[in-house]
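Peer 1: Below is my_file-v9.cif; it holds mmCIF, C-alpha atoms and all ligand atoms.
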data_entry
#
loop_
_atom_site.label_atom_id
_atom_site.label_comp_id
_atom_site.auth_asym_id
_atom_site.auth_seq_id
_atom_site.Cartn_x
_atom_site.Cartn_y
_atom_site.Cartn_z
CA MET V 1 -20.29 28.91 -1.90
CA ARG V 2 -16.53 29.32 -1.81
CA HIS V 3 -14.62 28.35 1.32
CA SER V 4 -11.74 30.80 0.96
CA ASP V 5 -8.96 31.69 -1.46
CA ASN V 6 -6.98 28.72 -0.32
CA ILE V 7 -6.25 26.03 -2.86
CA MET V 8 -6.37 22.26 -2.63
CA VAL V 9 -3.75 20.29 -4.48
CA ILE V 10 -4.34 16.62 -5.11
CA LEU V 11 -1.19 14.64 -5.74
CA SER V 12 -2.04 11.15 -6.92
CA SER V 13 0.28 8.50 -8.16
CA PRO V 14 0.78 4.80 -8.37
CA SER V 15 2.58 3.68 -5.18
CA GLY V 16 6.28 4.35 -5.32
CA ALA V 17 6.37 7.40 -7.61
CA GLY V 18 7.93 9.68 -4.98
CA LYS V 19 4.77 11.39 -3.75
CA THR V 20 5.50 11.38 -0.02
CA THR V 21 8.88 13.05 -0.47
CA LEU V 22 7.32 15.72 -2.68
CA THR V 23 4.41 16.53 -0.37
CA LYS V 24 6.84 16.90 2.54
CA LYS V 25 9.06 19.23 0.51
CA ILE V 26 6.12 21.45 -0.43
CA GLN V 27 4.92 21.65 3.15
CA GLN V 28 8.40 22.57 4.36
CA LYS V 29 8.87 25.38 1.85
CA TYR V 30 5.36 26.82 1.83
CA GLN V 31 4.12 27.45 5.33
CA THR V 32 0.55 27.91 4.12
CA PHE V 33 0.41 24.30 2.90
CA LYS V 34 -0.63 21.44 5.11
CA VAL V 35 -0.84 17.80 4.10
CA SER V 36 -4.29 16.36 4.74
CA VAL V 37 -4.07 13.49 7.23
CA SER V 38 -6.37 10.70 6.06
CA HIS V 39 -8.11 8.07 8.10
CA THR V 40 -7.16 4.49 7.31
CA THR V 41 -7.76 0.95 8.47
CA ARG V 42 -4.24 -0.04 7.38
CA LYS V 43 -1.83 -0.94 10.16
CA PRO V 44 0.90 1.64 10.80
CA ARG V 45 4.35 0.94 9.37
CA THR V 46 7.24 1.08 11.83
CA ASN V 47 8.15 4.68 10.99
CA GLU V 48 4.57 5.99 10.97
CA VAL V 49 2.96 8.06 13.69
CA ASP V 50 -0.75 8.07 14.48
CA GLY V 51 -2.28 11.49 13.79
CA VAL V 52 0.72 12.57 11.71
CA ASP V 53 0.95 10.11 8.82
CA TYR V 54 -2.60 8.83 9.12
CA ASN V 55 -5.34 8.57 11.67
CA PHE V 56 -5.22 4.83 12.17
CA ILE V 57 -8.62 3.38 13.02
CA SER V 58 -10.36 0.00 12.99
CA LYS V 59 -12.67 -1.24 10.22
CA ASP V 60 -15.61 -0.84 12.62
CA GLU V 61 -14.75 2.77 13.37
CA PHE V 62 -14.31 3.45 9.66
CA ARG V 63 -17.71 1.92 8.86
CA LYS V 64 -19.35 4.12 11.49
CA LEU V 65 -17.82 7.23 9.92
CA ILE V 66 -19.12 6.12 6.49
CA ASP V 67 -22.61 5.62 7.94
CA LYS V 68 -22.54 9.09 9.49
CA ASN V 69 -21.50 10.54 6.12
CA GLU V 70 -18.36 12.02 7.64
CA PHE V 71 -16.09 11.50 4.64
CA TYR V 72 -15.64 13.78 1.65
CA GLU V 73 -14.40 10.70 -0.10
CA TYR V 74 -13.18 7.23 0.73
CA ALA V 75 -11.87 4.22 -1.14
CA LYS V 76 -10.82 0.63 -0.64
CA ILE V 77 -7.24 0.22 -1.72
CA PHE V 78 -5.19 -2.97 -1.29
CA GLU V 79 -7.70 -4.48 1.18
CA ASN V 80 -7.83 -1.39 3.39
CA TYR V 81 -9.99 1.68 3.59
CA TYR V 82 -8.71 5.23 3.25
CA GLY V 83 -10.77 8.39 3.60
CA THR V 84 -10.74 12.19 3.84
CA HIS V 85 -12.69 13.50 6.81
CA LYS V 86 -15.07 16.33 5.90
CA LYS V 87 -14.99 18.44 9.06
CA ILE V 88 -11.21 18.22 9.48
CA THR V 89 -10.71 19.28 5.86
CA GLU V 90 -13.21 22.13 6.03
CA LYS V 91 -11.59 23.51 9.15
CA LEU V 92 -8.09 23.24 7.70
CA SER V 93 -9.09 24.85 4.40
CA LYS V 94 -10.19 28.01 6.19
CA THR V 95 -6.63 28.79 7.26
CA ASN V 96 -4.44 26.76 4.93
CA ASP V 97 -3.80 25.46 1.44
CA ILE V 98 -4.07 21.69 1.47
CA ILE V 99 -2.22 18.87 -0.25
CA PHE V 100 -4.10 15.60 -0.59
CA ASP V 101 -2.19 12.40 -1.10
CA ILE V 102 -5.15 10.36 -2.35
CA ASP V 103 -5.78 7.93 -5.18
CA TRP V 104 -7.82 8.32 -8.39
CA GLN V 105 -11.01 7.05 -6.78
CA GLY V 106 -10.87 9.76 -4.13
CA THR V 107 -9.99 12.37 -6.75
CA LYS V 108 -13.11 11.48 -8.70
CA GLN V 109 -15.28 11.86 -5.61
CA LEU V 110 -13.70 15.15 -4.49
CA SER V 111 -14.15 16.57 -8.00
CA LYS V 112 -17.91 16.43 -7.50
CA PHE V 113 -17.64 19.20 -4.89
CA LYS V 114 -17.51 22.07 -7.35
CA GLU V 115 -16.96 24.66 -4.64
CA LEU V 116 -13.49 23.29 -3.85
CA ARG V 117 -10.55 24.96 -5.59
CA LEU V 118 -8.90 21.73 -6.67
CA ILE V 119 -5.73 21.35 -8.68
CA LYS V 120 -5.31 17.74 -9.69
CA ILE V 121 -1.80 16.48 -10.36
CA PHE V 122 -0.98 12.93 -11.43
CA LEU V 123 2.54 11.76 -10.88
CA ILE V 124 3.95 8.78 -12.71
CA PRO V 125 7.32 7.07 -12.43
CA PRO V 126 9.44 7.13 -15.63
CA ASN V 127 9.01 3.39 -16.26
CA LYS V 128 8.01 0.14 -14.60
CA LYS V 129 11.56 -0.95 -13.90
CA GLU V 130 12.15 2.23 -11.90
CA LEU V 131 8.83 1.79 -10.10
CA LYS V 132 9.78 -1.72 -8.98
CA LYS V 133 13.19 -0.48 -7.84
CA ARG V 134 11.63 2.30 -5.74
CA LEU V 135 9.04 0.01 -4.21
CA VAL V 136 11.71 -2.48 -3.17
CA GLU V 137 14.22 0.14 -2.01
CA ARG V 138 11.84 2.02 0.24
CA ASN V 139 11.55 -1.24 2.14
CA GLN V 140 8.15 -0.45 3.67
CA ASN V 141 6.16 -3.33 2.25
CA THR V 142 6.36 -7.11 2.27
CA ILE V 143 7.19 -8.86 -1.02
CA GLU V 144 3.47 -9.57 -1.54
CA GLU V 145 2.58 -5.91 -0.94
CA VAL V 146 5.27 -4.74 -3.39
CA GLU V 147 3.90 -7.14 -5.98
CA LYS V 148 0.30 -5.92 -5.46
CA ARG V 149 1.35 -2.29 -5.81
CA PHE V 150 3.40 -3.12 -8.89
CA GLN V 151 0.51 -5.01 -10.51
CA ALA V 152 -1.91 -2.13 -9.78
CA PHE V 153 0.22 0.26 -11.84
CA ASP V 154 -1.27 -0.63 -15.25
CA GLN V 155 -4.80 0.10 -14.05
CA ASP V 156 -3.87 3.20 -12.03
CA VAL V 157 -1.98 4.87 -14.84
CA LYS V 158 -5.07 4.79 -17.10
CA LYS V 159 -6.68 7.38 -14.81
CA TRP V 160 -4.40 10.21 -15.93
CA LYS V 161 -7.24 11.73 -17.94
CA ASP V 162 -9.08 12.73 -14.76
CA TYR V 163 -6.27 15.14 -13.83
CA ASP V 164 -5.28 18.71 -14.71
CA TYR V 165 -1.56 17.93 -14.90
CA VAL V 166 0.44 14.76 -15.53
CA LEU V 167 4.06 14.82 -14.40
CA ILE V 168 6.71 12.20 -14.99
CA ASN V 169 8.94 11.90 -11.99
CA LYS V 170 12.27 11.20 -13.66
CA ASN V 171 14.15 13.53 -11.40
CA LEU V 172 12.77 14.56 -8.02
CA ASP V 173 14.13 18.12 -8.07
CA ASN V 174 12.74 18.87 -11.54
CA CYS V 175 9.43 17.38 -10.61
CA TYR V 176 9.30 19.47 -7.46
CA LYS V 177 10.04 22.63 -9.46
CA GLN V 178 7.20 21.81 -11.85
CA ILE V 179 4.80 21.39 -8.95
CA GLU V 180 6.01 24.69 -7.48
CA ARG V 181 5.28 26.45 -10.77
CA ILE V 182 1.79 24.96 -10.90
CA ILE V 183 1.05 25.97 -7.33
CA THR V 184 2.35 29.52 -7.61
CA SER V 185 0.46 30.15 -10.86
CA HIS V 186 -2.79 29.02 -9.26
CA LYS V 187 -2.19 31.03 -6.11
CA LYS V 188 -1.80 34.16 -8.23
CA ALA V 189 -4.71 33.58 -10.59
CA PRO V 190 -8.02 32.55 -9.07
CA THR V 191 -9.67 29.60 -10.82
CA VAL V 192 -12.62 30.18 -13.15
CA ASN V 193 -14.81 28.52 -10.58
CA SER V 194 -13.87 30.93 -7.82
CA GLN V 195 -14.27 33.96 -10.08
CA ILE V 196 -17.84 33.01 -10.79
CA THR V 197 -18.78 32.27 -7.23
CA SER V 198 -17.03 35.12 -5.41
P1 LIG K 201 -0.20 3.69 1.53
O1 LIG K 201 -0.86 2.50 2.17
O2 LIG K 201 0.97 3.31 0.68
O3 LIG K 201 0.11 4.77 2.55
O4 LIG K 201 -1.26 4.37 0.56
C1 LIG K 201 -1.88 3.61 -0.44
C2 LIG K 201 -2.67 4.52 -1.35
O5 LIG K 201 -3.75 5.13 -0.63
C3 LIG K 201 -1.88 5.70 -1.92
O6 LIG K 201 -2.06 5.71 -3.33
C4 LIG K 201 -2.50 6.93 -1.30
O7 LIG K 201 -2.49 8.02 -2.19
C5 LIG K 201 -3.92 6.45 -1.06
N1 LIG K 201 -4.61 7.22 -0.02
C6 LIG K 201 -4.12 7.66 1.15
N2 LIG K 201 -5.06 8.32 1.86
C7 LIG K 201 -6.18 8.33 1.09
C8 LIG K 201 -7.50 8.88 1.25
O8 LIG K 201 -7.84 9.50 2.24
N3 LIG K 201 -8.38 8.64 0.23
C9 LIG K 201 -8.05 7.96 -0.90
N4 LIG K 201 -8.98 7.81 -1.82
N5 LIG K 201 -6.81 7.45 -1.09
C10 LIG K 201 -5.90 7.63 -0.11
#
Write out the structure in this file as structure tokens.
Ligand code: 5GP

Peer 2:
Amino acid sequence: MRHSDNIMVILSSPSGAGKTTLTKKIQQKYQTFKVSVSHTTRKPRTNEVDGVDYNFISKDEFRKLIDKNEFYEYAKIFENYYGTHKKITEKLSKTNDIIFDIDWQGTKQLSKFKELRLIKIFLIPPNKKELKKRLVERNQNTIEEVEKRFQAFDQDVKKWKDYDYVLINKNLDNCYKQIERIITSHKKAPTVNSQITS
């Protein structure tokens, strides 16, 4: 069963590849797109707003949602849990295209739902030196957190094969244009999956 003609774009990347800026830009330009707001047990950063950046919940609350099978997908990342809520996503997908900012583990789980019109994009920074620079400059993590995210890069980057597109974010504007092209081509041409099921 197909939900609607709306598409779901997954934008995954190792931390610090510029993903947040890109998802915001897409949402601003294309009114039909909404960024999926995940649930997490991570504590909010100073600039983050509950219900906007994430739905911040406790580990107990998260466990209860897992037990009730309320997540499309969830993963443990850097000692915290992150998940995509089924009902919220289903409701949103009826009226909007969705961008998911989720990791490779979540992408794998979402891919099992064949009825979803997923476009999977993997974004990588041009090199490790640049990644470190971005992680430090964005100034959102402690030194230990930066180090953890930096160390995770080698493992994360191996997951590129699970994606439809791999983009190297050397220049934010170029990268954004590439994403735009991908999105508009998919909006015009229905996926094979949706042609079969419609
Ligand atoms: P951060 O703590 O820096 O906001 O996010 C850490 C990582 O968690 C990022 O790679 C982000 O893509 C991922 N993430 C955020 N929300 C979700 C989610 O709902 N599911 C999964 N699997 N990953 C998520």

Peer 1: Take CA of Tyr82 in chain V and CA of Asp103 in chain V and report the distance between them in Å, one decimal.

Peer 2: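 Rounded to one decimal, the two atoms are 9.3 Å apart.
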
Peer 1: Distance limit 6 Å, reference ligand LIG 201 (chain K), atoms considered: all atoms listed in the file. Which residues make the cut? Give them as a PDB file with C-alpha atoms, in the frame of the given file.

Peer 2:
ATOM      1  CA  SER V  12      -2.040  11.150  -6.920  1.00  0.00           C
ATOM      2  CA  PRO V  14       0.780   4.800  -8.370  1.00  0.00           C
ATOM      3  CA  SER V  15       2.580   3.680  -5.180  1.00  0.00           C
ATOM      4  CA  SER V  38      -6.370  10.700   6.060  1.00  0.00           C
ATOM      5  CA  TYR V  74     -13.180   7.230   0.730  1.00  0.00           C
ATOM      6  CA  ALA V  75     -11.870   4.220  -1.140  1.00  0.00           C
ATOM      7  CA  TYR V  82      -8.710   5.230   3.250  1.00  0.00           C
ATOM      8  CA  GLY V  83     -10.770   8.390   3.600  1.00  0.00           C
ATOM      9  CA  THR V  84     -10.740  12.190   3.840  1.00  0.00           C
ATOM     10  CA  ASP V 101      -2.190  12.400  -1.100  1.00  0.00           C
ATOM     11  CA  ILE V 102      -5.150  10.360  -2.350  1.00  0.00           C
ATOM     12  CA  ASP V 103      -5.780   7.930  -5.180  1.00  0.00           C
ATOM     13  CA  GLN V 105     -11.010   7.050  -6.780  1.00  0.00           C
ATOM     14  CA  GLY V 106     -10.870   9.760  -4.130  1.00  0.00           C
TER      15      GLY V 106
END

Peer 1: Choose the residue, out of V:Lys170, V:Lys129, V:Lys187, V:Lys108, that has the smallest atom-to-atom separation from Tyr30 in chain V; count only C-alpha atoms.

Peer 2: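 Ranking V:Lys170, V:Lys129, V:Lys187, V:Lys108 by distance to Tyr30 in chain V, first place goes to V:Lys187.
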
Peer 1: Could you check the closest approach to Leu65 in chain V for each of V:Thr41, V:Gln28, V:Gln109, V:Thr20 and tell me which residue wins, using all atoms listed in the file?

Peer 2: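 Using all atoms listed in the file, Leu65 in chain V sits closest to V:Thr41.
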
Peer 1: Pick the closest to Arg45 in chain V from V:Lys133, V:Arg138, V:Arg149, V:His85: which is it, counting only C-alpha atoms?

Peer 2: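 Of the candidates, the smallest distance to Arg45 in chain V is held by V:Arg138.
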